Number of protein chains: 2
Amino acid sequence: MIYFKNSEYQCSMELTLELIGGKWKSLILWYLGENTLRFSELKKALPKVTQKMLTQQLRELEQSGLVNRYIYTQIPPKVEYSLTPAGKSLLPILTSLCEWGQNYVNEIEPSGQPTACQADKQLVSPK
Amino acid sequence: MIYFKNSEYQCSMELTLELIGGKWKSLILWYLGENTLRFSELKKALPKVTQKMLTQQLRELEQSGLVNRYIYTQIPPKVEYSLTPAGKSLLPILTSLCEWGQNYVNEIEPSGQPTACQADKQLVSPK
DNA sequence: CGGTATCCCCATTGATACTG
DNA sequence: CAGTATCAATGGGGATACCG
């Protein structure tokens, strides 16, 4: 049994899922990657996530120390998000997961269009 | 954009999360590991999951081709679950996630008790 | 034992409006 | 622009009962 932040977990996997198992968390971490993105950029990259949800999940990731939040005190406001070292340390694993998903699709449906992990992300980064 | 099973996904990560992002799916895959477990054993290993949820998540994992379900036609019934090759191919990544979680805890709370991934699982396997 | 089938609640999420 | 605040709705998930 693991005790952490007033909760108990049966195993490390359960704890890990508490940190990144939220509905959109892995996806947010993945799209942040090595980049620094403004809130609106993140919102555009994740159109299926509502503003409310995005804010909420970002706050939790921030509490967990996986995401940095930098506020420019100006009007109109500007807020930038990036991964902390702890967050970045997760990226290799997320890459593996992504590749696993690609292999899965290719084996189930070999007819499908070729997919590429990095290409996915580049679709959203250029202005 | 990736099309798969009548749904469209923005990237491979989104697809992967569809497969294993369910509330308990990663945990189920993790506890199955290389083992073959009966429904009741799985239920005991995951006390926080209700029978309904466990059944439901297992069905979805089965549909996705990650879990085998073998039914002994006898009374009382006996059903055994195990990972398919596709499911097992995920285990190294789950192990990495687990280890990442341990490192995270140790860095945030160095005072904590030593944790071990494998030890976690052994707690539930003996009788 | 390993499930369905029902009922039902409340937590998560969405939609909308407002603000520094 | 990047949020909060509020209210409303939906469906995820719990509890219970029953079945092959």
# chains A, B, ... in the order shown; residues from 1 in each chain; ligands from 1
>>> residues_around(residues="Leu83 of chain B", least_positions_apart="3", cutoff="8 Å", atoms="only C-alpha atoms (C1' of nucleotides)", output="list in words")
Leu29, Leu32, Gly33, Glu34, Asn35, Thr36, Leu66, Val67, Asn68, Ala86, Gly87 and Lys88 of chain B
>>> interface_residues(of="chain C", to="chain A", cutoff="12 Å", atoms="only C-alpha atoms (C1' of nucleotides)", output="ChimeraX atom specification")
/C:12-16,19-20
>>> closest_residue(among="B:Ser40, B:Trp30, B:Val49, B:Phe4", to="chain D", atoms="only C-alpha atoms (C1' of nucleotides)")
B:Val49
>>> atom_distance(atom1="atom CA of Glu62 of chain A", atom2="atom CA of Glu107 of chain B")
16.0 Å
>>> interface_residues(of="chain D", to="chain A", cutoff="10 Å", atoms="only C-alpha atoms (C1' of nucleotides)", output="VMD selection string")
chain D and resid 1 to 4
>>> decode(residues="segment 6-18 of chain C", atoms="N, CA and C atoms (P, O5', C5', C4', C3', O3' and C1' of nucleotides)", output="short mmCIF file (atom, residue, chain, number, x, y, z; two decimals), in the first residue's frame")
data_model
loop_
_atom_site.label_atom_id
_atom_site.label_comp_id
_atom_site.auth_asym_id
_atom_site.auth_seq_id
_atom_site.Cartn_x
_atom_site.Cartn_y
_atom_site.Cartn_z
P DT C 6 -34.56 -5.43 -18.39
"O5'" DT C 6 -35.00 -4.52 -17.16
"C5'" DT C 6 -34.13 -4.51 -16.08
"C4'" DT C 6 -34.68 -3.86 -14.85
"C3'" DT C 6 -35.06 -2.40 -15.04
"O3'" DT C 6 -36.22 -2.10 -14.26
"C1'" DT C 6 -33.20 -2.59 -13.56
P DC C 7 -36.95 -0.67 -14.52
"O5'" DC C 7 -36.43 0.15 -13.26
"C5'" DC C 7 -36.45 -0.45 -11.96
"C4'" DC C 7 -35.58 0.35 -11.01
"C3'" DC C 7 -35.79 1.86 -11.13
"O3'" DC C 7 -36.11 2.41 -9.85
"C1'" DC C 7 -33.48 1.32 -11.20
P DC C 8 -36.66 3.91 -9.75
"O5'" DC C 8 -35.35 4.66 -9.24
"C5'" DC C 8 -34.49 4.03 -8.30
"C4'" DC C 8 -33.20 4.82 -8.19
"C3'" DC C 8 -33.37 6.33 -8.41
"O3'" DC C 8 -32.62 6.99 -7.42
"C1'" DC C 8 -31.66 5.52 -9.79
P DC C 9 -33.11 8.44 -6.90
"O5'" DC C 9 -31.79 9.00 -6.23
"C5'" DC C 9 -30.88 8.09 -5.62
"C4'" DC C 9 -29.45 8.43 -6.02
"C3'" DC C 9 -29.12 9.93 -5.99
"O3'" DC C 9 -27.86 10.06 -5.38
"C1'" DC C 9 -28.50 9.02 -8.06
P DC C 10 -27.67 11.25 -4.28
"O5'" DC C 10 -26.21 11.78 -4.63
"C5'" DC C 10 -25.21 10.84 -5.05
"C4'" DC C 10 -24.41 11.39 -6.21
"C3'" DC C 10 -24.14 12.90 -6.12
"O3'" DC C 10 -22.83 13.13 -6.61
"C1'" DC C 10 -25.05 12.39 -8.19
P DA C 11 -21.69 13.54 -5.53
"O5'" DA C 11 -20.38 13.35 -6.42
"C5'" DA C 11 -20.18 12.09 -7.07
"C4'" DA C 11 -19.71 12.28 -8.50
"C3'" DA C 11 -18.73 13.42 -8.70
"O3'" DA C 11 -17.74 12.98 -9.62
"C1'" DA C 11 -20.62 13.73 -10.11
P DT C 12 -16.41 13.86 -9.82
"O5'" DT C 12 -16.46 14.06 -11.39
"C5'" DT C 12 -16.73 12.92 -12.21
"C4'" DT C 12 -17.29 13.35 -13.54
"C3'" DT C 12 -16.44 14.38 -14.29
"O3'" DT C 12 -16.20 13.87 -15.58
"C1'" DT C 12 -18.71 15.04 -14.26
P DT C 13 -15.11 14.55 -16.48
"O5'" DT C 13 -16.02 15.52 -17.39
"C5'" DT C 13 -17.05 14.91 -18.18
"C4'" DT C 13 -18.01 15.95 -18.66
"C3'" DT C 13 -17.38 17.14 -19.41
"O3'" DT C 13 -17.66 16.97 -20.79
"C1'" DT C 13 -19.24 17.76 -18.04
P DG C 14 -17.27 18.10 -21.85
"O5'" DG C 14 -18.61 18.94 -22.01
"C5'" DG C 14 -19.81 18.25 -22.32
"C4'" DG C 14 -20.96 19.24 -22.46
"C3'" DG C 14 -20.65 20.48 -23.31
"O3'" DG C 14 -21.78 20.77 -24.15
"C1'" DG C 14 -21.38 21.14 -21.15
P DA C 15 -21.64 21.87 -25.29
"O5'" DA C 15 -22.58 23.05 -24.76
"C5'" DA C 15 -23.66 22.76 -23.89
"C4'" DA C 15 -24.40 24.04 -23.52
"C3'" DA C 15 -24.06 25.25 -24.39
"O3'" DA C 15 -25.23 26.02 -24.59
"C1'" DA C 15 -23.44 25.69 -22.14
P DT C 16 -25.19 27.32 -25.56
"O5'" DT C 16 -25.11 28.51 -24.51
"C5'" DT C 16 -26.01 28.50 -23.41
"C4'" DT C 16 -25.61 29.57 -22.41
"C3'" DT C 16 -25.16 30.90 -23.03
"O3'" DT C 16 -26.10 31.92 -22.69
"C1'" DT C 16 -23.78 30.25 -21.21
P DA C 17 -25.84 33.45 -23.21
"O5'" DA C 17 -25.28 34.14 -21.89
"C5'" DA C 17 -25.88 33.83 -20.63
"C4'" DA C 17 -25.07 34.46 -19.52
"C3'" DA C 17 -24.58 35.89 -19.84
"O3'" DA C 17 -24.83 36.74 -18.72
"C1'" DA C 17 -22.77 34.52 -19.18
P DC C 18 -24.56 38.34 -18.85
"O5'" DC C 18 -23.24 38.52 -17.96
"C5'" DC C 18 -23.24 38.01 -16.62
"C4'" DC C 18 -21.81 38.00 -16.10
"C3'" DC C 18 -21.07 39.33 -16.24
"O3'" DC C 18 -20.60 39.73 -14.96
"C1'" DC C 18 -19.72 37.53 -16.99
#
